[in-house]
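structure12.tsv follows; it contains TSV, N, CA and C atoms.
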```tsv
chain	number	residue	atom	x	y	z
A	217	MET	N	83.42	50.20	111.40
A	217	MET	CA	83.17	51.42	112.14
A	217	MET	C	81.87	52.05	111.66
A	218	HIS	N	81.04	52.45	112.58
A	218	HIS	CA	79.81	53.11	112.22
A	218	HIS	C	80.09	54.57	111.89
A	219	LEU	N	79.47	55.03	110.86
A	219	LEU	CA	79.67	56.41	110.43
A	219	LEU	C	78.85	57.38	111.28
A	220	ALA	N	77.84	56.87	111.97
A	220	ALA	CA	76.94	57.75	112.71
A	220	ALA	C	77.62	58.42	113.89
A	221	TYR	N	78.54	57.72	114.57
A	221	TYR	CA	79.16	58.29	115.77
A	221	TYR	C	80.01	59.53	115.46
A	222	PRO	N	80.95	59.46	114.53
A	222	PRO	CA	81.71	60.68	114.24
A	222	PRO	C	80.86	61.75	113.56
A	223	ALA	N	79.84	61.35	112.80
A	223	ALA	CA	78.99	62.34	112.16
A	223	ALA	C	78.16	63.11	113.18
A	224	VAL	N	77.65	62.41	114.19
A	224	VAL	CA	76.88	63.10	115.24
A	224	VAL	C	77.80	63.99	116.07
A	225	LEU	N	79.00	63.50	116.38
A	225	LEU	CA	79.95	64.32	117.13
A	225	LEU	C	80.34	65.56	116.34
A	226	ALA	N	80.57	65.40	115.05
A	226	ALA	CA	80.92	66.55	114.21
A	226	ALA	C	79.75	67.53	114.11
A	227	ALA	N	78.54	67.02	114.05
A	227	ALA	CA	77.38	67.92	114.01
A	227	ALA	C	77.24	68.69	115.31
A	228	LEU	N	77.49	68.03	116.44
A	228	LEU	CA	77.44	68.72	117.73
A	228	LEU	C	78.54	69.77	117.84
A	229	LEU	N	79.74	69.43	117.39
A	229	LEU	CA	80.83	70.41	117.39
A	229	LEU	C	80.52	71.60	116.50
A	230	PHE	N	79.99	71.34	115.32
A	230	PHE	CA	79.66	72.41	114.40
A	230	PHE	C	78.56	73.29	114.96
A	231	ALA	N	77.55	72.67	115.58
A	231	ALA	CA	76.45	73.46	116.16
A	231	ALA	C	76.96	74.32	117.33
A	232	THR	N	77.86	73.77	118.12
A	232	THR	CA	78.44	74.54	119.22
A	232	THR	C	79.26	75.72	118.67
A	233	GLY	N	80.03	75.48	117.62
A	233	GLY	CA	80.79	76.57	117.00
A	233	GLY	C	79.90	77.62	116.37
A	234	LEU	N	78.83	77.19	115.74
A	234	LEU	CA	77.90	78.14	115.14
A	234	LEU	C	77.22	79.00	116.21
A	235	TYR	N	76.85	78.38	117.32
A	235	TYR	CA	76.28	79.14	118.42
A	235	TYR	C	77.29	80.15	118.95
A	236	GLY	N	78.55	79.74	119.06
A	236	GLY	CA	79.58	80.64	119.53
A	236	GLY	C	79.80	81.83	118.62
A	237	VAL	N	79.72	81.60	117.31
A	237	VAL	CA	79.89	82.70	116.35
A	237	VAL	C	78.71	83.67	116.44
A	238	LEU	N	77.52	83.14	116.57
A	238	LEU	CA	76.33	83.99	116.57
A	238	LEU	C	76.07	84.67	117.91
A	239	ALA	N	76.46	84.06	119.02
A	239	ALA	CA	76.08	84.58	120.33
A	239	ALA	C	77.18	85.35	121.04
A	240	ARG	N	78.43	85.10	120.72
A	240	ARG	CA	79.52	85.72	121.47
A	240	ARG	C	79.77	87.14	120.99
A	241	ARG	N	80.24	87.96	121.92
A	241	ARG	CA	80.57	89.35	121.60
A	241	ARG	C	82.08	89.58	121.55
A	242	ASN	N	82.85	88.71	122.16
A	242	ASN	CA	84.30	88.87	122.17
A	242	ASN	C	84.88	88.30	120.87
A	243	ALA	N	85.75	89.06	120.23
A	243	ALA	CA	86.28	88.65	118.93
A	243	ALA	C	87.15	87.41	119.03
A	244	ILE	N	87.87	87.25	120.12
A	244	ILE	CA	88.72	86.06	120.28
A	244	ILE	C	87.86	84.81	120.44
A	245	LEU	N	86.75	84.91	121.17
A	245	LEU	CA	85.85	83.76	121.30
A	245	LEU	C	85.18	83.42	119.97
A	246	VAL	N	84.93	84.42	119.15
A	246	VAL	CA	84.37	84.17	117.81
A	246	VAL	C	85.38	83.40	116.97
A	247	LEU	N	86.66	83.79	117.05
A	247	LEU	CA	87.69	83.06	116.30
A	247	LEU	C	87.83	81.62	116.81
A	248	MET	N	87.72	81.43	118.12
A	248	MET	CA	87.77	80.06	118.65
A	248	MET	C	86.57	79.24	118.18
A	249	SER	N	85.42	79.86	118.04
A	249	SER	CA	84.24	79.15	117.55
A	249	SER	C	84.39	78.77	116.08
A	250	VAL	N	85.02	79.63	115.30
A	250	VAL	CA	85.29	79.30	113.90
A	250	VAL	C	86.24	78.11	113.82
A	251	GLU	N	87.24	78.08	114.70
A	251	GLU	CA	88.15	76.94	114.73
A	251	GLU	C	87.42	75.65	115.11
A	252	LEU	N	86.47	75.75	116.01
A	252	LEU	CA	85.67	74.59	116.39
A	252	LEU	C	84.86	74.07	115.20
A	253	MET	N	84.32	74.97	114.41
A	253	MET	CA	83.57	74.57	113.23
A	253	MET	C	84.49	73.91	112.20
A	254	LEU	N	85.70	74.43	112.03
A	254	LEU	CA	86.64	73.82	111.08
A	254	LEU	C	87.08	72.44	111.56
A	255	ASN	N	87.22	72.26	112.87
A	255	ASN	CA	87.57	70.94	113.38
A	255	ASN	C	86.44	69.94	113.19
A	256	ALA	N	85.20	70.41	113.24
A	256	ALA	CA	84.07	69.52	112.95
A	256	ALA	C	84.11	69.07	111.49
A	257	VAL	N	84.45	69.98	110.61
A	257	VAL	CA	84.59	69.61	109.19
A	257	VAL	C	85.73	68.61	109.00
A	258	ASN	N	86.84	68.83	109.71
A	258	ASN	CA	87.97	67.89	109.62
A	258	ASN	C	87.57	66.50	110.09
A	259	LEU	N	86.82	66.44	111.17
A	259	LEU	CA	86.35	65.14	111.67
A	259	LEU	C	85.48	64.43	110.64
A	260	ASN	N	84.60	65.17	109.98
A	260	ASN	CA	83.77	64.57	108.93
A	260	ASN	C	84.61	64.09	107.76
A	261	LEU	N	85.60	64.89	107.36
A	261	LEU	CA	86.44	64.49	106.23
A	261	LEU	C	87.18	63.19	106.52
A	262	VAL	N	87.75	63.07	107.69
A	262	VAL	CA	88.49	61.86	108.04
A	262	VAL	C	87.54	60.67	108.21
A	263	ALA	N	86.39	60.90	108.82
A	263	ALA	CA	85.44	59.80	109.02
A	263	ALA	C	84.94	59.26	107.68
A	264	PHE	N	84.61	60.14	106.75
A	264	PHE	CA	84.14	59.66	105.45
A	264	PHE	C	85.27	59.03	104.65
A	265	ASP	N	86.50	59.50	104.85
A	265	ASP	CA	87.64	58.88	104.18
A	265	ASP	C	87.84	57.45	104.66
A	266	VAL	N	87.71	57.22	105.96
A	266	VAL	CA	87.85	55.86	106.50
A	266	VAL	C	86.67	55.00	106.08
A	267	TRP	N	85.48	55.57	106.09
A	267	TRP	CA	84.28	54.80	105.75
A	267	TRP	C	84.27	54.37	104.29
A	268	LEU	N	84.73	55.26	103.40
A	268	LEU	CA	84.74	54.94	101.97
A	268	LEU	C	85.95	54.12	101.56
A	269	ARG	N	86.96	54.00	102.44
A	269	ARG	CA	88.20	53.27	102.15
A	269	ARG	C	88.84	53.77	100.85
A	270	ASP	N	88.99	55.06	100.79
A	270	ASP	CA	89.57	55.69	99.60
A	270	ASP	C	91.06	55.35	99.54
A	271	ALA	N	91.51	54.91	98.36
A	271	ALA	CA	92.91	54.53	98.20
A	271	ALA	C	93.83	55.75	98.20
A	272	LEU	N	93.34	56.87	97.76
A	272	LEU	CA	94.16	58.09	97.72
A	272	LEU	C	94.12	58.88	99.02
A	273	HIS	N	93.22	58.51	99.92
A	273	HIS	CA	93.04	59.22	101.19
A	273	HIS	C	92.81	60.72	100.96
A	274	ALA	N	91.85	61.01	100.11
A	274	ALA	CA	91.56	62.40	99.77
A	274	ALA	C	91.01	63.18	100.96
A	275	GLY	N	90.25	62.52	101.82
A	275	GLY	CA	89.72	63.20	103.00
A	275	GLY	C	90.82	63.64	103.95
A	276	GLN	N	91.83	62.81	104.12
A	276	GLN	CA	92.93	63.18	104.99
A	276	GLN	C	93.78	64.28	104.37
A	277	ALA	N	93.93	64.26	103.06
A	277	ALA	CA	94.68	65.32	102.39
A	277	ALA	C	93.94	66.65	102.51
A	278	LEU	N	92.63	66.62	102.33
A	278	LEU	CA	91.85	67.85	102.48
A	278	LEU	C	91.88	68.35	103.93
A	279	THR	N	91.95	67.43	104.88
A	279	THR	CA	92.06	67.81	106.28
A	279	THR	C	93.37	68.55	106.54
A	280	LEU	N	94.45	68.10	105.93
A	280	LEU	CA	95.73	68.81	106.10
A	280	LEU	C	95.65	70.22	105.52
A	281	PHE	N	95.01	70.37	104.37
A	281	PHE	CA	94.83	71.71	103.80
A	281	PHE	C	93.97	72.58	104.71
A	282	THR	N	92.94	72.00	105.28
A	282	THR	CA	92.06	72.76	106.17
A	282	THR	C	92.80	73.20	107.43
A	283	ILE	N	93.66	72.33	107.95
A	283	ILE	CA	94.45	72.70	109.13
A	283	ILE	C	95.41	73.84	108.79
A	284	ALA	N	96.02	73.79	107.62
A	284	ALA	CA	96.93	74.87	107.22
A	284	ALA	C	96.19	76.19	107.04
A	285	ILE	N	95.01	76.14	106.45
A	285	ILE	CA	94.21	77.35	106.28
A	285	ILE	C	93.75	77.87	107.63
A	286	ALA	N	93.38	76.99	108.55
A	286	ALA	CA	92.94	77.41	109.88
A	286	ALA	C	94.09	78.06	110.65
A	287	ALA	N	95.30	77.54	110.49
A	287	ALA	CA	96.45	78.14	111.17
A	287	ALA	C	96.73	79.54	110.64
A	288	ALA	N	96.65	79.71	109.34
A	288	ALA	CA	96.85	81.04	108.77
A	288	ALA	C	95.74	81.99	109.18
A	289	GLU	N	94.52	81.48	109.20
A	289	GLU	CA	93.37	82.33	109.59
A	289	GLU	C	93.47	82.79	111.02
A	290	ILE	N	93.88	81.92	111.91
A	290	ILE	CA	93.96	82.30	113.32
A	290	ILE	C	95.13	83.24	113.55
A	291	GLY	N	96.21	83.08	112.82
A	291	GLY	CA	97.34	84.00	112.95
A	291	GLY	C	96.99	85.40	112.50
A	292	ILE	N	96.37	85.52	111.35
A	292	ILE	CA	95.98	86.84	110.85
A	292	ILE	C	94.84	87.41	111.68
A	293	GLY	N	93.89	86.57	112.07
A	293	GLY	CA	92.77	87.04	112.88
A	293	GLY	C	93.21	87.58	114.23
A	294	LEU	N	94.12	86.87	114.90
A	294	LEU	CA	94.61	87.35	116.19
A	294	LEU	C	95.41	88.63	116.05
A	295	ALA	N	96.17	88.76	114.97
A	295	ALA	CA	96.91	90.00	114.75
A	295	ALA	C	95.95	91.18	114.55
A	296	ILE	N	94.89	90.96	113.81
A	296	ILE	CA	93.90	92.03	113.60
A	296	ILE	C	93.20	92.38	114.91
A	297	VAL	N	92.82	91.36	115.68
A	297	VAL	CA	92.14	91.61	116.95
A	297	VAL	C	93.05	92.37	117.91
A	298	LEU	N	94.33	92.01	117.96
A	298	LEU	CA	95.26	92.71	118.85
A	298	LEU	C	95.46	94.17	118.44
A	299	MET	N	95.54	94.42	117.15
A	299	MET	CA	95.69	95.81	116.70
A	299	MET	C	94.43	96.63	116.98
A	300	VAL	N	93.28	96.03	116.79
A	300	VAL	CA	92.03	96.73	117.10
A	300	VAL	C	91.93	96.98	118.60
A	301	TYR	N	92.36	96.02	119.41
A	301	TYR	CA	92.32	96.19	120.86
A	301	TYR	C	93.26	97.31	121.30
A	302	ARG	N	94.41	97.40	120.67
A	302	ARG	CA	95.34	98.49	121.00
A	302	ARG	C	94.75	99.84	120.63
A	303	ASN	N	94.10	99.93	119.49
A	303	ASN	CA	93.57	101.22	119.03
A	303	ASN	C	92.27	101.60	119.72
A	304	ARG	N	91.39	100.64	119.96
A	304	ARG	CA	90.06	100.93	120.50
A	304	ARG	C	89.91	100.65	121.99
A	305	GLY	N	90.74	99.76	122.53
A	305	GLY	CA	90.65	99.42	123.94
A	305	GLY	C	89.61	98.36	124.26
A	306	THR	N	89.03	97.74	123.25
A	306	THR	CA	88.04	96.69	123.47
A	306	THR	C	88.08	95.71	122.30
A	307	SER	N	87.66	94.49	122.59
A	307	SER	CA	87.53	93.50	121.51
A	307	SER	C	86.07	93.07	121.36
A	308	ASP	N	85.16	93.92	121.83
A	308	ASP	CA	83.73	93.65	121.72
A	308	ASP	C	83.30	93.85	120.27
A	309	VAL	N	82.67	92.83	119.70
A	309	VAL	CA	82.31	92.87	118.29
A	309	VAL	C	81.25	93.94	118.01
A	310	ASP	N	80.32	94.14	118.93
A	310	ASP	CA	79.28	95.14	118.72
A	310	ASP	C	79.85	96.55	118.70
A	311	LYS	N	80.86	96.81	119.49
A	311	LYS	CA	81.48	98.14	119.50
A	311	LYS	C	82.41	98.35	118.32
A	312	LEU	N	82.85	97.28	117.69
A	312	LEU	CA	83.75	97.39	116.55
A	312	LEU	C	83.00	97.64	115.25
A	313	ARG	N	81.70	97.58	115.26
A	313	ARG	CA	80.92	97.83	114.05
A	313	ARG	C	80.99	99.29	113.63
A	314	ASP	N	81.37	100.17	114.55
A	314	ASP	CA	81.48	101.59	114.21
A	314	ASP	C	82.58	101.86	113.20
A	315	THR	N	83.53	100.96	113.06
A	315	THR	CA	84.60	101.18	112.11
A	315	THR	C	84.11	101.04	110.68
A	316	ALA	N	83.08	100.26	110.45
A	316	ALA	CA	82.59	100.02	109.09
A	316	ALA	C	81.36	100.85	108.75
A	317	GLU	N	80.62	101.29	109.76
A	317	GLU	CA	79.38	102.00	109.51
A	317	GLU	C	79.53	103.47	109.87
A	318	ALA	N	78.95	104.32	109.05
A	318	ALA	CA	78.95	105.75	109.34
A	318	ALA	C	77.83	106.06	110.32
A	319	HIS	N	78.06	107.07	111.16
A	319	HIS	CA	77.03	107.42	112.14
A	319	HIS	C	75.87	108.15	111.48
A	320	GLU	N	76.17	109.01	110.53
A	320	GLU	CA	75.13	109.73	109.81
A	320	GLU	C	75.29	109.44	108.32
A	321	PRO	N	74.19	109.25	107.63
A	321	PRO	CA	74.32	109.02	106.18
A	321	PRO	C	74.75	110.30	105.49
A	322	ALA	N	75.63	110.13	104.53
A	322	ALA	CA	76.12	111.29	103.78
A	322	ALA	C	75.06	111.77	102.80
A	323	ARG	N	74.88	113.08	102.76
A	323	ARG	CA	73.94	113.66	101.80
A	323	ARG	C	74.68	114.07	100.55
A	324	PRO	N	74.07	113.94	99.39
A	324	PRO	CA	74.77	114.27	98.14
A	324	PRO	C	75.17	115.75	98.06
A	325	ASP	N	74.39	116.67	98.62
A	325	ASP	CA	74.74	118.08	98.52
A	325	ASP	C	75.94	118.42	99.40
A	326	ASP	N	76.20	117.66	100.48
A	326	ASP	CA	77.37	117.90	101.30
A	326	ASP	C	78.65	117.51	100.57
A	327	ILE	N	78.58	116.50	99.74
A	327	ILE	CA	79.77	116.03	99.04
A	327	ILE	C	80.19	117.05	97.98
A	328	THR	N	79.25	117.60	97.26
A	328	THR	CA	79.61	118.55	96.19
A	328	THR	C	79.92	119.93	96.74
A	329	ALA	N	79.48	120.24	97.96
A	329	ALA	CA	79.69	121.59	98.51
A	329	ALA	C	81.13	121.77	99.00
A	330	ARG	N	81.81	120.71	99.37
A	330	ARG	CA	83.16	120.83	99.89
A	330	ARG	C	84.16	120.85	98.73
A	331	PRO	N	85.05	121.87	98.67
A	331	PRO	CA	85.98	121.92	97.54
A	331	PRO	C	87.07	120.85	97.62
A	332	GLU	N	87.45	120.37	98.81
A	332	GLU	CA	88.52	119.38	98.89
A	332	GLU	C	88.07	118.01	98.40
A	333	VAL	N	86.77	117.75	98.40
A	333	VAL	CA	86.26	116.45	97.93
A	333	VAL	C	86.09	116.47	96.42
A	334	ALA	N	85.65	117.60	95.89
A	334	ALA	CA	85.41	117.70	94.44
A	334	ALA	C	86.75	117.68	93.72
A	335	ALA	N	86.83	116.91	92.66
A	335	ALA	CA	88.09	116.81	91.91
A	335	ALA	C	88.04	117.64	90.66
```
With the file now loaded, output its structure as structure tokens.
Amino acid sequence: MHLAYPAVLAALLFATGLYGVLARRNAILVLMSVELMLNAVNLNLVAFDVWLRDALHAGQALTLFTIAIAAAEIGIGLAIVLMVYRNRGTSDVDKLRDTAEAHEPARPDDITARPEVAA
């Protein structure tokens, strides 16, 4: 078996997933793109395991771990996306950045002037 065929296919899958992560605005599509990238890694692991004829089949074992991690990631990721969609009404990644960033930078004199903040 030639190693070039699965390696090129995995590179195309990974590049498609990377484009999806960087270009998409919907959080569910971003999670699907991450899954596509993980599947490209799984394809490489299995292809190199077959090509090297490893007696322990380490590539296949690592692929099983990657699948388990991907299943947990998608379960937790979808739960977070659904809760954010319920609270915000959108799953647009650009609109969700407001949760982590403040609209105005805090000034040091505002923090010390409020008695409830000062301990």
- request: Extract, using all atoms listed in the file, all DNA, RNA and protein residues at most 5 Å from range 244-257 of chain A, discarding same-chain residues fewer than 3 positions from it, and format them as a list in words.
  value: Ala226, Phe230, Gly233, Val237, Asn260 and Leu261 of chain A
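Here CA of Leu228 in chain A stands at a distance of 23.0 Å from atom N of Glu289 in chain A.
Between Val297 in chain A and the residues A:Leu268, A:Ala243, A:Ala227, A:Ala220, the shortest atom-to-atom distance, using only C-alpha atoms, involves A:Ala243.
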Point-to-point distance in Å for atom N of Asn242 in chain A and CA of Arg304 in chain A: 14.3 Å
task: Report the distance between atom N of Val224 in chain A and atom N of Arg241 in chain A in Å, rounded to one decimal place.
output: 26.8 Å
Give me the residues near Val266 in chain A as a PDB file with N, CA and C atoms, in the frame of the given file, where near means some atom within 8 Å (using only N, CA and C atoms) and where sequence neighbours in that chain fewer than 6 positions away do not count.
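The result, stored in result18.pdb:
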```
ATOM      1  N   MET A 217      83.420  50.200 111.400  1.00  0.00           N
ATOM      2  CA  MET A 217      83.170  51.420 112.140  1.00  0.00           C
ATOM      3  C   MET A 217      81.870  52.050 111.660  1.00  0.00           C
ATOM      4  N   ASN A 260      84.600  65.170 109.980  1.00  0.00           N
ATOM      5  CA  ASN A 260      83.770  64.570 108.930  1.00  0.00           C
ATOM      6  C   ASN A 260      84.610  64.090 107.760  1.00  0.00           C
ATOM      7  N   HIS A 273      93.220  58.510  99.920  1.00  0.00           N
ATOM      8  CA  HIS A 273      93.040  59.220 101.190  1.00  0.00           C
ATOM      9  C   HIS A 273      92.810  60.720 100.960  1.00  0.00           C
ATOM     10  N   GLY A 275      90.250  62.520 101.820  1.00  0.00           N
ATOM     11  CA  GLY A 275      89.720  63.200 103.000  1.00  0.00           C
ATOM     12  C   GLY A 275      90.820  63.640 103.950  1.00  0.00           C
ATOM     13  N   GLN A 276      91.830  62.810 104.120  1.00  0.00           N
ATOM     14  CA  GLN A 276      92.930  63.180 104.990  1.00  0.00           C
ATOM     15  C   GLN A 276      93.780  64.280 104.370  1.00  0.00           C
TER      16      GLN A 276
END
```
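Using all atoms listed in the file, the shortest contact distance between Pro222 in chain A and any of A:Ala277, A:Leu312, A:Ala263, A:Ala286 is found at A:Ala263.
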message: For the alpha helix (DSSP H) assignment from backbone DSSP, which residues of range 250-320 of chain A qualify? Please present them as a VMD selection string.
response: chain A and resid 250 to 268 274 to 304
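With distances restricted to only C-alpha atoms, A:Leu278 is the closest residue to Asp265 in chain A from A:Leu278, A:Val309, A:Leu238, A:Leu294.
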Using the block above, I'd like range 259-312 of chain A written out, keeping C-alpha atoms and formatting it as a PDB file, in the first residue's frame.
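part16.pdb, written as the output of this step:
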```pdb
ATOM      1  CA  LEU A 259      -6.590   8.486   9.123  1.00  0.00           C
ATOM      2  CA  ASN A 260      -2.892   9.348   9.378  1.00  0.00           C
ATOM      3  CA  LEU A 261      -2.478   7.281  12.542  1.00  0.00           C
ATOM      4  CA  VAL A 262      -4.023   4.187  10.976  1.00  0.00           C
ATOM      5  CA  ALA A 263      -2.171   4.641   7.674  1.00  0.00           C
ATOM      6  CA  PHE A 264       1.213   4.921   9.379  1.00  0.00           C
ATOM      7  CA  ASP A 265       0.365   1.977  11.624  1.00  0.00           C
ATOM      8  CA  VAL A 266      -0.320  -0.203   8.570  1.00  0.00           C
ATOM      9  CA  TRP A 267       2.702   1.133   6.699  1.00  0.00           C
ATOM     10  CA  LEU A 268       5.105   0.508   9.596  1.00  0.00           C
ATOM     11  CA  ARG A 269       3.567  -2.930  10.361  1.00  0.00           C
ATOM     12  CA  ASP A 270       3.696  -2.237  14.067  1.00  0.00           C
ATOM     13  CA  ALA A 271       3.184  -5.397  16.119  1.00  0.00           C
ATOM     14  CA  LEU A 272       1.477  -3.504  18.949  1.00  0.00           C
ATOM     15  CA  HIS A 273      -0.786  -1.515  16.599  1.00  0.00           C
ATOM     16  CA  ALA A 274      -0.064   1.691  18.469  1.00  0.00           C
ATOM     17  CA  GLY A 275      -1.604   3.842  15.744  1.00  0.00           C
ATOM     18  CA  GLN A 276      -4.916   2.042  16.015  1.00  0.00           C
ATOM     19  CA  ALA A 277      -4.860   2.285  19.805  1.00  0.00           C
ATOM     20  CA  LEU A 278      -4.200   6.019  19.621  1.00  0.00           C
ATOM     21  CA  THR A 279      -7.041   6.309  17.114  1.00  0.00           C
ATOM     22  CA  LEU A 280      -9.433   4.747  19.622  1.00  0.00           C
ATOM     23  CA  PHE A 281      -8.323   7.264  22.257  1.00  0.00           C
ATOM     24  CA  THR A 282      -8.787  10.100  19.770  1.00  0.00           C
ATOM     25  CA  ILE A 283     -12.302   8.900  18.941  1.00  0.00           C
ATOM     26  CA  ALA A 284     -13.180   8.781  22.645  1.00  0.00           C
ATOM     27  CA  ILE A 285     -11.820  12.283  23.196  1.00  0.00           C
ATOM     28  CA  ALA A 286     -13.691  13.555  20.122  1.00  0.00           C
ATOM     29  CA  ALA A 287     -16.953  12.071  21.403  1.00  0.00           C
ATOM     30  CA  ALA A 288     -16.530  13.760  24.772  1.00  0.00           C
ATOM     31  CA  GLU A 289     -15.551  17.032  23.111  1.00  0.00           C
ATOM     32  CA  ILE A 290     -18.573  17.089  20.849  1.00  0.00           C
ATOM     33  CA  GLY A 291     -20.919  16.223  23.709  1.00  0.00           C
ATOM     34  CA  ILE A 292     -19.648  19.011  25.935  1.00  0.00           C
ATOM     35  CA  GLY A 293     -19.307  21.431  23.016  1.00  0.00           C
ATOM     36  CA  LEU A 294     -22.884  20.900  21.854  1.00  0.00           C
ATOM     37  CA  ALA A 295     -24.175  21.320  25.403  1.00  0.00           C
ATOM     38  CA  ILE A 296     -22.333  24.634  25.714  1.00  0.00           C
ATOM     39  CA  VAL A 297     -23.558  25.819  22.305  1.00  0.00           C
ATOM     40  CA  LEU A 298     -27.162  24.928  23.172  1.00  0.00           C
ATOM     41  CA  MET A 299     -27.006  26.784  26.484  1.00  0.00           C
ATOM     42  CA  VAL A 300     -25.489  29.839  24.827  1.00  0.00           C
ATOM     43  CA  TYR A 301     -28.166  29.695  22.124  1.00  0.00           C
ATOM     44  CA  ARG A 302     -30.886  29.579  24.768  1.00  0.00           C
ATOM     45  CA  ASN A 303     -29.430  32.550  26.637  1.00  0.00           C
ATOM     46  CA  ARG A 304     -28.326  34.708  23.691  1.00  0.00           C
ATOM     47  CA  GLY A 305     -30.596  33.590  20.855  1.00  0.00           C
ATOM     48  CA  THR A 306     -27.720  33.077  18.421  1.00  0.00           C
ATOM     49  CA  SER A 307     -24.830  30.711  17.823  1.00  0.00           C
ATOM     50  CA  ASP A 308     -22.804  33.245  15.828  1.00  0.00           C
ATOM     51  CA  VAL A 309     -19.207  33.121  17.039  1.00  0.00           C
ATOM     52  CA  ASP A 310     -18.578  36.826  16.383  1.00  0.00           C
ATOM     53  CA  LYS A 311     -21.540  37.840  18.536  1.00  0.00           C
ATOM     54  CA  LEU A 312     -20.467  35.486  21.326  1.00  0.00           C
TER      55      LEU A 312
END
```
